[in-house]
Each structure stands twice: as C-alpha cells, then as structure tokens.
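For reference, the structure discussed in these notes is given below.
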Amino acid sequence: MTGQDWVPPIVDTSAPSGARTYDYLLGGSHNFAADRAMADQVESAVPGIRAAARINRAFLARAVRFMIGQGVRQFLDVGSGIQHGDPACRVVYVDRDPIAVAHSELMLTGNENAAVVEADMREPESILDHPTTRRLLNFDEPVGLLFLLVLHWIPDDAGPAALVARYRAALSPASHLAITHMTDDLQTDKITAVADVVGRSRGAGQVFPRTRTEIADLFGDFAVLPPGLVPTGAWRPGGIGDIAEDPEMNELSFAGVARKP
Ligand SMILES: C[S@@+](CC[C@H](N)C(=O)[O-])C[C@H]1O[C@@H](n2cnc3c(N)ncnc32)[C@H](O)[C@@H]1O
C-alpha cells in the first residue's frame with residue numbers, strides 16, 4: 001500500500017477510472033488528478049452533472065429501503081463503486097476497480113455482514129459462486145440485486161440482457177432487481193457529450209447509453225413495479241435530495257425496480 005492505504009500499488013493513478021471519477025463528482029476524496037480532469041471535462045460538456053450522480057445515490061437508498069420493506073434482507077451490489085455508507089443488511093459488494101475494492105475493504109473491516117469481491121460482472125459465475133458470496137448470501141431466500149449505473153459499460157455485442165439473465169436465474173422468487181442506466185432517449189445531446197468525453201479518455205473505457213426499451217429488456221420476466229421504468233429522479237421521490245433542481249439532470253438515466261415472480 002502507498003501512504004494512502006486505500007491505494008493498492010498496482011493502480012495506475014495517471015489514467016482516469018470510472019469509479020474514481022464518479023467518486024469525485026459525488027464530492028468524495030478517493031480520486032486523483034486524472035480522475036478530476038476527466039470529471040471536469042464531463043462537467044464542462046454537461047454543466048450540473050454532479051446532480052445526476054447525487055440523485056443516483058439517492059435512488060440507491062430509496063430502492064434498498066423499498067426492498068427491505070418487501071422483505072429483502074440481503075443484497076448483491078454489482079459495480080458498487082466507492083462506498084459511502086455502512087450497510088445494515090447482509091451485503092456483497094462487487095467491483096472490478098482495485099481502489100473501489102480496497103476502500104470498501106477498509107470501510108467493512110470488522111463488519112461480519114458485508115464484504116467486497118473484486119470481480120468483473122461479465123463473469124457472473126465468478127461472483128455468484130465466489131466463497132464470500134456463498135458465505136453471506138442465501139440464494140434460497142430473496143436477494144436484492146443492484147446494477148446501478150454499471151450496465152452501460154457493457155457493449156451490445158457482449159449481450160447485456162443475456163448477461164443480466166444469468167444473474168436473475170440464480171435468484172429465488174420474490175428477489176428484486178434494481179437498475180439505473182444511462183439513456184440517450186431524453187437528453188440525447190447531453191448524453192452523447194458525456195459518452196464522447198469518456199470514450200476519448202485514456203483508460204476509462206466506453207459507455208453505451210441505451211433506450212428505455214433496451215433497458216426494460218434487462219429486467220426479463222421480472223415484474224417491473226410501480227412507477228415503472230422512469231427517469232431516475234421520478235422513481236418514488238420522497239424528499240428534496242431525490243430530484244435534481246435542473247429537470248434535465250433527472251433525465252440522464254432511467255431507474256426501475258422489479259420482482260421475480
Ligand atoms: C458509475 S459507478 C456506479 C457505482 C454505484 N453502483 C452507484 O450507482 O453509485 C460504476 C462502477 O461500476 C464499476 N464497473 C464498471 N464495469 C465493471 C465490470 N465489468 N465489472 C465490475 N464492476 C464494473 C466501476 O468500477 C464503477 O465503480
């Protein structure tokens with residue numbers, strides 16, 4: 001480890017990462033100059049985009065509370081990013097970003113109910129069959145599966161719907177699936193500008209925004225619960241921080257929660 005004990009030595013901090021750029025947009029401190037430079041470019045392209053990141057985190061909190069209300073007591077959070085809070089239920093966080101994983105490990109030290117797995121979501125079995133996952137989650141009981149702002153990193157030719165189907169198949173009835181996903185349906189110019197900045201960056205990869213119909217397909221045969229697949233700020237908003245002041249910032253992604261029959 002370096003002087004900052006959340007930075008594994010293998011990490012190239014000179015190239016931006018999606019996890020750390022998002023952390024910076026959320027006001028976090030687990031990021032480097034390259035991440036901040038990319039975030040600044042994204043913000044120049046789409047002023048106010050920090051609000052979109054914040055309402056995604058607010059959706060996360062609402063979706064988890066909602067699922068707990070439906071009886072879910074265990075969660076699999078895929079592409080969990082850099083943690084900003086303490087879990088109260090049994091939770092397995094998954095990320096491929098070594099900094100997100102190292103920081104989550106620090107945050108979860110001493111927590112018997114939660115752990116982080118470093119894995120790539122494109123290999124579902126490496127996550128679903130991981131000893132840590134099997135130790136914490138009981139797949140005979142409902143699981144809350146979260147894919148928040150992560151599936152747009154999967155290109156069409158890698159089959160995102162088939163990929164999510166492999167996770168859905170592992171869950172018992174009454175399990176829930178929450179998804180937020182960047183969309184180019186509503187604020188097309190803004191999302192195209194974000195995708196261009198990310199695509200031009202060194203190391204951050206590429207994002208693939210999708211239409212509402214394509215995002216709806218990711219839920220498969222799960223029943224999408226009211227209010228349906230809606231702009232993220234419009235999913236059961238309960239308070240002032242749930243909706244961005246600039247209405248356009250509520251419309252960069254769709255959000256939905258569905259239940260396995
Ligand atoms: C924008 S952040 C979202 C974090 C969190 N889910 C949220 O909504 O606040 C996307 C996260 O997905 C992770 N990620 C991207 N592609 C991944 C993959 N193939 N496997 C696992 N994690 C991935 C990134 O490292 C990053 O931490």
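FYI, nothing fancy with the structure tokens labels: chains A, B, ... in order, residues from 1 per chain, ligands from 1 as they appear.
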
Return as a PyMOL selection string every polymer residue, whether protein, DNA or RNA, with at least one atom no more than 8 Å from an atom of ligand 1; count only C-alpha atoms and all ligand atoms. chain A and resi 17-20+22-23+53+56-57+60+77-82+94-97+100+118-122+146-151+153-154+180

Note to self: Report as JSON, numbers by chain all protein, DNA and RNA residues lying within 12 Å of A:Gly71, evaluated on only C-alpha atoms, omitting residues in the same chain fewer than 5 positions from it.
What the structure shows: {"A": [64, 65, 66, 89, 141, 142, 143, 144, 173, 174, 175, 176, 259]}

Considering only C-alpha atoms, give me a table of residues in stretch 46-142 of chain A that are at most 12 Å from stretch 220-226 of chain A, with the closest atom pair and distance in Å for each, as CSV.
residue,atom,partner,partner_atom,distance
A:Ala63,CA,A:Leu225,CA,11.2
A:Phe66,CA,A:Leu225,CA,10.8
A:Met67,CA,A:Leu225,CA,11.1
A:Gln70,CA,A:Leu225,CA,11.5

Report as JSON lines: every residue of stretch 40-89 of chain A with an atom at most 7 Å from stretch 193-210 of chain A, its closest pair of atoms, and their distance in Å to one decimal, counting only C-alpha atoms, with rows sorted by chain and ascending residue number.
{"residue": "A:Gln41", "atom": "CA", "partner": "A:Val197", "partner_atom": "CA", "distance": 6.8}
{"residue": "A:Val42", "atom": "CA", "partner": "A:Val194", "partner_atom": "CA", "distance": 5.8}
{"residue": "A:Ala45", "atom": "CA", "partner": "A:Ala193", "partner_atom": "CA", "distance": 5.9}

Export of the given selection (N, CA, C and O atoms) as a short mmCIF file (atom, residue, chain, number, x, y, z; two decimals), in the first residue's frame:
data_model
loop_
_atom_site.label_atom_id
_atom_site.label_comp_id
_atom_site.auth_asym_id
_atom_site.auth_seq_id
_atom_site.Cartn_x
_atom_site.Cartn_y
_atom_site.Cartn_z
N GLN A 41 -13.93 17.67 -17.44
CA GLN A 41 -14.34 17.66 -18.86
C GLN A 41 -15.81 17.26 -19.00
O GLN A 41 -16.54 17.83 -19.79
N VAL A 42 -16.21 16.27 -18.21
CA VAL A 42 -17.62 15.84 -18.26
C VAL A 42 -18.51 17.00 -17.82
O VAL A 42 -19.55 17.29 -18.43
N ALA A 45 -18.85 19.58 -20.45
CA ALA A 45 -19.76 19.14 -21.51
C ALA A 45 -21.22 19.22 -21.04
O ALA A 45 -22.11 19.58 -21.81
#

Mind checking DSSP for stretch 86-256 of chain A and telling me the alpha helix (DSSP H) residues as a PDB file with N, CA and C atoms, in the first residue's frame?
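part05.pdb, written as the output of this step:
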ATOM      1  N   PRO A  98      -9.747  -1.749  -8.466  1.00  0.00           N
ATOM      2  CA  PRO A  98      -8.995  -2.114  -7.255  1.00  0.00           C
ATOM      3  C   PRO A  98      -9.117  -1.067  -6.148  1.00  0.00           C
ATOM      4  N   ILE A  99      -9.295   0.196  -6.512  1.00  0.00           N
ATOM      5  CA  ILE A  99      -9.419   1.213  -5.456  1.00  0.00           C
ATOM      6  C   ILE A  99     -10.778   1.117  -4.783  1.00  0.00           C
ATOM      7  N   ALA A 100     -11.813   0.904  -5.606  1.00  0.00           N
ATOM      8  CA  ALA A 100     -13.146   0.731  -5.015  1.00  0.00           C
ATOM      9  C   ALA A 100     -13.128  -0.454  -4.053  1.00  0.00           C
ATOM     10  N   VAL A 101     -12.433  -1.520  -4.452  1.00  0.00           N
ATOM     11  CA  VAL A 101     -12.389  -2.726  -3.623  1.00  0.00           C
ATOM     12  C   VAL A 101     -11.579  -2.467  -2.352  1.00  0.00           C
ATOM     13  N   ALA A 102     -10.396  -1.855  -2.498  1.00  0.00           N
ATOM     14  CA  ALA A 102      -9.542  -1.623  -1.324  1.00  0.00           C
ATOM     15  C   ALA A 102     -10.239  -0.695  -0.326  1.00  0.00           C
ATOM     16  N   HIS A 103     -10.889   0.345  -0.833  1.00  0.00           N
ATOM     17  CA  HIS A 103     -11.573   1.268   0.075  1.00  0.00           C
ATOM     18  C   HIS A 103     -12.752   0.578   0.759  1.00  0.00           C
ATOM     19  N   SER A 104     -13.487  -0.235  -0.011  1.00  0.00           N
ATOM     20  CA  SER A 104     -14.621  -0.949   0.593  1.00  0.00           C
ATOM     21  C   SER A 104     -14.127  -1.897   1.675  1.00  0.00           C
ATOM     22  N   GLU A 105     -12.990  -2.555   1.423  1.00  0.00           N
ATOM     23  CA  GLU A 105     -12.440  -3.472   2.438  1.00  0.00           C
ATOM     24  C   GLU A 105     -12.160  -2.720   3.735  1.00  0.00           C
ATOM     25  N   LEU A 106     -11.588  -1.519   3.588  1.00  0.00           N
ATOM     26  CA  LEU A 106     -11.307  -0.721   4.793  1.00  0.00           C
ATOM     27  C   LEU A 106     -12.595  -0.362   5.528  1.00  0.00           C
ATOM     28  N   MET A 107     -13.588   0.094   4.745  1.00  0.00           N
ATOM     29  CA  MET A 107     -14.862   0.503   5.350  1.00  0.00           C
ATOM     30  C   MET A 107     -15.563  -0.659   6.051  1.00  0.00           C
ATOM     31  N   LEU A 108     -15.333  -1.867   5.520  1.00  0.00           N
ATOM     32  CA  LEU A 108     -16.078  -3.026   6.023  1.00  0.00           C
ATOM     33  C   LEU A 108     -15.309  -3.830   7.060  1.00  0.00           C
ATOM     34  N   PRO A 124     -20.426 -13.805 -14.470  1.00  0.00           N
ATOM     35  CA  PRO A 124     -21.369 -13.948 -13.348  1.00  0.00           C
ATOM     36  C   PRO A 124     -21.019 -15.068 -12.385  1.00  0.00           C
ATOM     37  N   GLU A 125     -20.552 -16.197 -12.921  1.00  0.00           N
ATOM     38  CA  GLU A 125     -20.283 -17.335 -12.022  1.00  0.00           C
ATOM     39  C   GLU A 125     -19.154 -17.001 -11.042  1.00  0.00           C
ATOM     40  N   SER A 126     -18.202 -16.172 -11.486  1.00  0.00           N
ATOM     41  CA  SER A 126     -17.096 -15.820 -10.579  1.00  0.00           C
ATOM     42  C   SER A 126     -17.613 -14.996  -9.403  1.00  0.00           C
ATOM     43  N   ILE A 127     -18.771 -14.402  -9.556  1.00  0.00           N
ATOM     44  CA  ILE A 127     -19.389 -13.615  -8.481  1.00  0.00           C
ATOM     45  C   ILE A 127     -20.388 -14.474  -7.705  1.00  0.00           C
ATOM     46  N   LEU A 128     -21.270 -15.150  -8.458  1.00  0.00           N
ATOM     47  CA  LEU A 128     -22.345 -15.911  -7.803  1.00  0.00           C
ATOM     48  C   LEU A 128     -21.793 -17.100  -7.018  1.00  0.00           C
ATOM     49  N   PRO A 131     -16.731 -17.779  -2.878  1.00  0.00           N
ATOM     50  CA  PRO A 131     -16.939 -18.223  -1.486  1.00  0.00           C
ATOM     51  C   PRO A 131     -17.502 -17.113  -0.586  1.00  0.00           C
ATOM     52  N   THR A 132     -17.093 -15.891  -0.824  1.00  0.00           N
ATOM     53  CA  THR A 132     -17.610 -14.784   0.004  1.00  0.00           C
ATOM     54  C   THR A 132     -19.101 -14.586  -0.246  1.00  0.00           C
ATOM     55  N   THR A 133     -19.490 -14.667  -1.511  1.00  0.00           N
ATOM     56  CA  THR A 133     -20.917 -14.523  -1.851  1.00  0.00           C
ATOM     57  C   THR A 133     -21.717 -15.639  -1.197  1.00  0.00           C
ATOM     58  N   ARG A 134     -21.210 -16.858  -1.309  1.00  0.00           N
ATOM     59  CA  ARG A 134     -21.918 -18.023  -0.758  1.00  0.00           C
ATOM     60  C   ARG A 134     -21.969 -17.984   0.766  1.00  0.00           C
ATOM     61  N   ARG A 135     -20.943 -17.387   1.376  1.00  0.00           N
ATOM     62  CA  ARG A 135     -20.928 -17.301   2.842  1.00  0.00           C
ATOM     63  C   ARG A 135     -21.991 -16.304   3.337  1.00  0.00           C
ATOM     64  N   LEU A 136     -22.148 -15.196   2.605  1.00  0.00           N
ATOM     65  CA  LEU A 136     -23.024 -14.127   3.101  1.00  0.00           C
ATOM     66  C   LEU A 136     -24.455 -14.216   2.582  1.00  0.00           C
ATOM     67  N   PRO A 160     -25.815  -7.533 -23.055  1.00  0.00           N
ATOM     68  CA  PRO A 160     -26.152  -7.160 -21.667  1.00  0.00           C
ATOM     69  C   PRO A 160     -27.402  -7.859 -21.132  1.00  0.00           C
ATOM     70  N   ALA A 161     -28.420  -8.059 -21.982  1.00  0.00           N
ATOM     71  CA  ALA A 161     -29.656  -8.689 -21.480  1.00  0.00           C
ATOM     72  C   ALA A 161     -29.388 -10.150 -21.097  1.00  0.00           C
ATOM     73  N   ALA A 162     -28.622 -10.857 -21.934  1.00  0.00           N
ATOM     74  CA  ALA A 162     -28.300 -12.256 -21.618  1.00  0.00           C
ATOM     75  C   ALA A 162     -27.432 -12.335 -20.371  1.00  0.00           C
ATOM     76  N   LEU A 163     -26.568 -11.348 -20.203  1.00  0.00           N
ATOM     77  CA  LEU A 163     -25.706 -11.329 -19.017  1.00  0.00           C
ATOM     78  C   LEU A 163     -26.556 -11.180 -17.744  1.00  0.00           C
ATOM     79  N   VAL A 164     -27.458 -10.198 -17.733  1.00  0.00           N
ATOM     80  CA  VAL A 164     -28.286  -9.983 -16.538  1.00  0.00           C
ATOM     81  C   VAL A 164     -29.171 -11.209 -16.300  1.00  0.00           C
ATOM     82  N   ALA A 165     -29.597 -11.870 -17.387  1.00  0.00           N
ATOM     83  CA  ALA A 165     -30.440 -13.069 -17.246  1.00  0.00           C
ATOM     84  C   ALA A 165     -29.721 -14.146 -16.439  1.00  0.00           C
ATOM     85  N   ARG A 166     -28.409 -14.239 -16.580  1.00  0.00           N
ATOM     86  CA  ARG A 166     -27.665 -15.268 -15.834  1.00  0.00           C
ATOM     87  C   ARG A 166     -27.703 -14.969 -14.332  1.00  0.00           C
ATOM     88  N   TYR A 167     -27.695 -13.714 -13.965  1.00  0.00           N
ATOM     89  CA  TYR A 167     -27.834 -13.350 -12.544  1.00  0.00           C
ATOM     90  C   TYR A 167     -29.274 -13.606 -12.088  1.00  0.00           C
ATOM     91  N   ARG A 168     -30.248 -13.190 -12.905  1.00  0.00           N
ATOM     92  CA  ARG A 168     -31.644 -13.348 -12.499  1.00  0.00           C
ATOM     93  C   ARG A 168     -31.972 -14.807 -12.234  1.00  0.00           C
ATOM     94  N   ALA A 169     -31.393 -15.696 -13.086  1.00  0.00           N
ATOM     95  CA  ALA A 169     -31.698 -17.121 -12.961  1.00  0.00           C
ATOM     96  C   ALA A 169     -31.230 -17.691 -11.623  1.00  0.00           C
ATOM     97  N   THR A 188     -30.609  13.613 -25.339  1.00  0.00           N
ATOM     98  CA  THR A 188     -29.703  12.950 -26.288  1.00  0.00           C
ATOM     99  C   THR A 188     -28.368  13.693 -26.429  1.00  0.00           C
ATOM    100  N   ASP A 189     -28.418  15.013 -26.596  1.00  0.00           N
ATOM    101  CA  ASP A 189     -27.165  15.759 -26.828  1.00  0.00           C
ATOM    102  C   ASP A 189     -26.252  15.667 -25.607  1.00  0.00           C
ATOM    103  N   LYS A 190     -26.835  15.774 -24.435  1.00  0.00           N
ATOM    104  CA  LYS A 190     -26.023  15.761 -23.210  1.00  0.00           C
ATOM    105  C   LYS A 190     -25.367  14.390 -23.009  1.00  0.00           C
ATOM    106  N   ILE A 191     -26.142  13.344 -23.214  1.00  0.00           N
ATOM    107  CA  ILE A 191     -25.585  12.002 -23.010  1.00  0.00           C
ATOM    108  C   ILE A 191     -24.541  11.678 -24.079  1.00  0.00           C
ATOM    109  N   THR A 192     -24.781  12.137 -25.277  1.00  0.00           N
ATOM    110  CA  THR A 192     -23.772  11.928 -26.333  1.00  0.00           C
ATOM    111  C   THR A 192     -22.482  12.644 -25.955  1.00  0.00           C
ATOM    112  N   ALA A 193     -22.602  13.837 -25.377  1.00  0.00           N
ATOM    113  CA  ALA A 193     -21.405  14.596 -24.969  1.00  0.00           C
ATOM    114  C   ALA A 193     -20.652  13.847 -23.872  1.00  0.00           C
ATOM    115  N   VAL A 194     -21.365  13.272 -22.897  1.00  0.00           N
ATOM    116  CA  VAL A 194     -20.708  12.505 -21.827  1.00  0.00           C
ATOM    117  C   VAL A 194     -20.000  11.285 -22.423  1.00  0.00           C
ATOM    118  N   ALA A 195     -20.702  10.564 -23.275  1.00  0.00           N
ATOM    119  CA  ALA A 195     -20.116   9.347 -23.871  1.00  0.00           C
ATOM    120  C   ALA A 195     -18.874   9.702 -24.685  1.00  0.00           C
ATOM    121  N   ASP A 196     -18.895  10.859 -25.357  1.00  0.00           N
ATOM    122  CA  ASP A 196     -17.720  11.278 -26.150  1.00  0.00           C
ATOM    123  C   ASP A 196     -16.523  11.552 -25.250  1.00  0.00           C
ATOM    124  N   VAL A 197     -16.748  12.253 -24.141  1.00  0.00           N
ATOM    125  CA  VAL A 197     -15.641  12.567 -23.220  1.00  0.00           C
ATOM    126  C   VAL A 197     -15.056  11.276 -22.658  1.00  0.00           C
ATOM    127  N   VAL A 198     -15.909  10.376 -22.217  1.00  0.00           N
ATOM    128  CA  VAL A 198     -15.423   9.116 -21.635  1.00  0.00           C
ATOM    129  C   VAL A 198     -14.681   8.312 -22.697  1.00  0.00           C
ATOM    130  N   GLY A 199     -15.242   8.242 -23.899  1.00  0.00           N
ATOM    131  CA  GLY A 199     -14.634   7.453 -24.970  1.00  0.00           C
ATOM    132  C   GLY A 199     -13.267   7.980 -25.389  1.00  0.00           C
ATOM    133  N   ARG A 200     -13.079   9.296 -25.271  1.00  0.00           N
ATOM    134  CA  ARG A 200     -11.788   9.889 -25.676  1.00  0.00           C
ATOM    135  C   ARG A 200     -10.723   9.735 -24.594  1.00  0.00           C
ATOM    136  N   ARG A 212     -35.056   3.396 -23.560  1.00  0.00           N
ATOM    137  CA  ARG A 212     -35.905   2.862 -22.486  1.00  0.00           C
ATOM    138  C   ARG A 212     -36.281   1.407 -22.787  1.00  0.00           C
ATOM    139  N   THR A 213     -36.595   1.121 -24.054  1.00  0.00           N
ATOM    140  CA  THR A 213     -36.981  -0.250 -24.431  1.00  0.00           C
ATOM    141  C   THR A 213     -35.832  -1.223 -24.177  1.00  0.00           C
ATOM    142  N   GLU A 214     -34.626  -0.819 -24.546  1.00  0.00           N
ATOM    143  CA  GLU A 214     -33.466  -1.708 -24.331  1.00  0.00           C
ATOM    144  C   GLU A 214     -33.225  -1.922 -22.839  1.00  0.00           C
ATOM    145  N   ILE A 215     -33.417  -0.875 -22.049  1.00  0.00           N
ATOM    146  CA  ILE A 215     -33.195  -1.006 -20.600  1.00  0.00           C
ATOM    147  C   ILE A 215     -34.293  -1.896 -19.998  1.00  0.00           C
ATOM    148  N   ALA A 216     -35.521  -1.734 -20.479  1.00  0.00           N
ATOM    149  CA  ALA A 216     -36.619  -2.567 -19.974  1.00  0.00           C
ATOM    150  C   ALA A 216     -36.325  -4.046 -20.217  1.00  0.00           C
ATOM    151  N   ASP A 217     -35.670  -4.359 -21.334  1.00  0.00           N
ATOM    152  CA  ASP A 217     -35.339  -5.762 -21.652  1.00  0.00           C
ATOM    153  C   ASP A 217     -34.438  -6.396 -20.594  1.00  0.00           C
TER     154      ASP A 217
END

Near A:Tyr24, counting only C-alpha atoms, which residues have an atom at most 12 Å away, once you skip same-chain residues fewer than 2 positions from it, shown as JSON, numbers by chain?
{"A": [16, 17, 18, 19, 20, 21, 22, 26, 27, 28, 29, 30, 31, 32, 33, 34, 35, 36, 37, 38, 39, 40, 42, 43, 49, 50, 53, 54, 81, 82]}

Same residues, N, CA and C atoms, output as a PDB file, in the first residue's frame:
ATOM      1  N   PRO A  16      -7.530   7.986 -15.857  1.00  0.00           N
ATOM      2  CA  PRO A  16      -8.774   8.102 -15.091  1.00  0.00           C
ATOM      3  C   PRO A  16      -9.498   6.768 -14.979  1.00  0.00           C
ATOM      4  N   SER A  17     -10.226   6.588 -13.886  1.00  0.00           N
ATOM      5  CA  SER A  17     -11.093   5.408 -13.765  1.00  0.00           C
ATOM      6  C   SER A  17     -12.526   5.900 -13.558  1.00  0.00           C
ATOM      7  N   GLY A  18     -13.470   5.094 -14.068  1.00  0.00           N
ATOM      8  CA  GLY A  18     -14.884   5.455 -13.929  1.00  0.00           C
ATOM      9  C   GLY A  18     -15.290   5.569 -12.475  1.00  0.00           C
ATOM     10  N   ALA A  19     -14.794   4.622 -11.642  1.00  0.00           N
ATOM     11  CA  ALA A  19     -15.180   4.610 -10.223  1.00  0.00           C
ATOM     12  C   ALA A  19     -14.695   5.876  -9.517  1.00  0.00           C
ATOM     13  N   ARG A  20     -13.440   6.275  -9.793  1.00  0.00           N
ATOM     14  CA  ARG A  20     -12.873   7.427  -9.063  1.00  0.00           C
ATOM     15  C   ARG A  20     -13.421   8.746  -9.602  1.00  0.00           C
ATOM     16  N   THR A  21     -13.709   8.785 -10.914  1.00  0.00           N
ATOM     17  CA  THR A  21     -14.298  10.000 -11.486  1.00  0.00           C
ATOM     18  C   THR A  21     -15.681  10.230 -10.875  1.00  0.00           C
ATOM     19  N   TYR A  22     -16.426   9.162 -10.753  1.00  0.00           N
ATOM     20  CA  TYR A  22     -17.773   9.234 -10.150  1.00  0.00           C
ATOM     21  C   TYR A  22     -17.664   9.639  -8.681  1.00  0.00           C
ATOM     22  N   LEU A  26     -19.248  12.983  -6.873  1.00  0.00           N
ATOM     23  CA  LEU A  26     -20.093  12.900  -5.669  1.00  0.00           C
ATOM     24  C   LEU A  26     -19.504  13.674  -4.491  1.00  0.00           C
ATOM     25  N   GLY A  27     -18.338  14.289  -4.710  1.00  0.00           N
ATOM     26  CA  GLY A  27     -17.708  15.035  -3.609  1.00  0.00           C
ATOM     27  C   GLY A  27     -16.826  14.169  -2.738  1.00  0.00           C
ATOM     28  N   GLY A  28     -16.474  12.953  -3.227  1.00  0.00           N
ATOM     29  CA  GLY A  28     -15.617  12.061  -2.454  1.00  0.00           C
ATOM     30  C   GLY A  28     -14.146  12.435  -2.573  1.00  0.00           C
ATOM     31  N   SER A  29     -13.309  11.729  -1.815  1.00  0.00           N
ATOM     32  CA  SER A  29     -11.886  12.081  -1.773  1.00  0.00           C
ATOM     33  C   SER A  29     -10.989  10.949  -2.269  1.00  0.00           C
ATOM     34  N   HIS A  30     -11.576   9.918  -2.893  1.00  0.00           N
ATOM     35  CA  HIS A  30     -10.781   8.786  -3.367  1.00  0.00           C
ATOM     36  C   HIS A  30     -10.582   8.891  -4.870  1.00  0.00           C
ATOM     37  N   ASN A  31      -9.834   9.930  -5.249  1.00  0.00           N
ATOM     38  CA  ASN A  31      -9.628  10.192  -6.675  1.00  0.00           C
ATOM     39  C   ASN A  31      -8.315  10.930  -6.858  1.00  0.00           C
ATOM     40  N   PHE A  32      -7.857  10.979  -8.112  1.00  0.00           N
ATOM     41  CA  PHE A  32      -6.556  11.575  -8.434  1.00  0.00           C
ATOM     42  C   PHE A  32      -6.728  12.627  -9.529  1.00  0.00           C
ATOM     43  N   ALA A  33      -5.608  13.306  -9.858  1.00  0.00           N
ATOM     44  CA  ALA A  33      -5.676  14.417 -10.813  1.00  0.00           C
ATOM     45  C   ALA A  33      -6.325  13.982 -12.131  1.00  0.00           C
ATOM     46  N   ALA A  34      -5.959  12.768 -12.602  1.00  0.00           N
ATOM     47  CA  ALA A  34      -6.505  12.313 -13.892  1.00  0.00           C
ATOM     48  C   ALA A  34      -8.029  12.132 -13.809  1.00  0.00           C
ATOM     49  N   ASP A  35      -8.496  11.659 -12.660  1.00  0.00           N
ATOM     50  CA  ASP A  35      -9.944  11.472 -12.475  1.00  0.00           C
ATOM     51  C   ASP A  35     -10.647  12.833 -12.426  1.00  0.00           C
ATOM     52  N   ARG A  36     -10.015  13.757 -11.694  1.00  0.00           N
ATOM     53  CA  ARG A  36     -10.633  15.087 -11.560  1.00  0.00           C
ATOM     54  C   ARG A  36     -10.645  15.807 -12.906  1.00  0.00           C
ATOM     55  N   ALA A  37      -9.580  15.587 -13.714  1.00  0.00           N
ATOM     56  CA  ALA A  37      -9.533  16.226 -15.037  1.00  0.00           C
ATOM     57  C   ALA A  37     -10.669  15.672 -15.908  1.00  0.00           C
ATOM     58  N   MET A  38     -10.875  14.364 -15.824  1.00  0.00           N
ATOM     59  CA  MET A  38     -11.954  13.802 -16.643  1.00  0.00           C
ATOM     60  C   MET A  38     -13.318  14.303 -16.159  1.00  0.00           C
ATOM     61  N   ALA A  39     -13.482  14.329 -14.836  1.00  0.00           N
ATOM     62  CA  ALA A  39     -14.755  14.825 -14.294  1.00  0.00           C
ATOM     63  C   ALA A  39     -14.984  16.281 -14.730  1.00  0.00           C
ATOM     64  N   ASP A  40     -13.908  17.075 -14.736  1.00  0.00           N
ATOM     65  CA  ASP A  40     -14.057  18.474 -15.154  1.00  0.00           C
ATOM     66  C   ASP A  40     -14.488  18.561 -16.623  1.00  0.00           C
ATOM     67  N   VAL A  42     -16.211  16.271 -18.215  1.00  0.00           N
ATOM     68  CA  VAL A  42     -17.617  15.839 -18.265  1.00  0.00           C
ATOM     69  C   VAL A  42     -18.513  16.996 -17.817  1.00  0.00           C
ATOM     70  N   GLU A  43     -18.069  17.683 -16.775  1.00  0.00           N
ATOM     71  CA  GLU A  43     -18.877  18.814 -16.267  1.00  0.00           C
ATOM     72  C   GLU A  43     -18.931  19.970 -17.251  1.00  0.00           C
ATOM     73  N   ILE A  49     -23.892  18.086 -13.995  1.00  0.00           N
ATOM     74  CA  ILE A  49     -23.998  16.615 -13.997  1.00  0.00           C
ATOM     75  C   ILE A  49     -23.774  16.002 -12.606  1.00  0.00           C
ATOM     76  N   ARG A  50     -23.128  16.748 -11.710  1.00  0.00           N
ATOM     77  CA  ARG A  50     -22.973  16.236 -10.341  1.00  0.00           C
ATOM     78  C   ARG A  50     -24.334  15.911  -9.716  1.00  0.00           C
ATOM     79  N   ALA A  53     -25.363  12.463 -10.581  1.00  0.00           N
ATOM     80  CA  ALA A  53     -24.687  11.443  -9.762  1.00  0.00           C
ATOM     81  C   ALA A  53     -25.351  11.360  -8.385  1.00  0.00           C
ATOM     82  N   ARG A  54     -25.656  12.534  -7.822  1.00  0.00           N
ATOM     83  CA  ARG A  54     -26.254  12.537  -6.474  1.00  0.00           C
ATOM     84  C   ARG A  54     -27.638  11.877  -6.471  1.00  0.00           C
ATOM     85  N   GLY A  81     -18.866   0.479  -6.750  1.00  0.00           N
ATOM     86  CA  GLY A  81     -18.124   1.731  -6.648  1.00  0.00           C
ATOM     87  C   GLY A  81     -17.512   1.920  -5.268  1.00  0.00           C
ATOM     88  N   ILE A  82     -17.193   3.162  -4.960  1.00  0.00           N
ATOM     89  CA  ILE A  82     -16.528   3.502  -3.696  1.00  0.00           C
ATOM     90  C   ILE A  82     -17.607   3.759  -2.650  1.00  0.00           C
TER      91      ILE A  82
END

TODO: Rank nothing, just name the residue among A:Arg236, A:His130, A:Arg90, A:Lys260 nearest to A:Leu177, using only C-alpha atoms.
DONE: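 Nearest to A:Leu177: A:Lys260.
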
One decimal place gives the atom CA of A:Glu123-atom CA of A:Thr13 separation as 25.3 Å

What gap, in Å, lies between atom CA of A:Asp140 and atom CA of A:Phe75?
->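 Distance between the two atoms: 13.2 Å.
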
Requested in this report: Calculate how many Å separate atom CA of A:Asn250 from atom CA of A:Ala58, rounding to one decimal.
Outcome: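 Straight-line distance from atom CA of A:Asn250 to atom CA of A:Ala58 works out to 11.6 Å.
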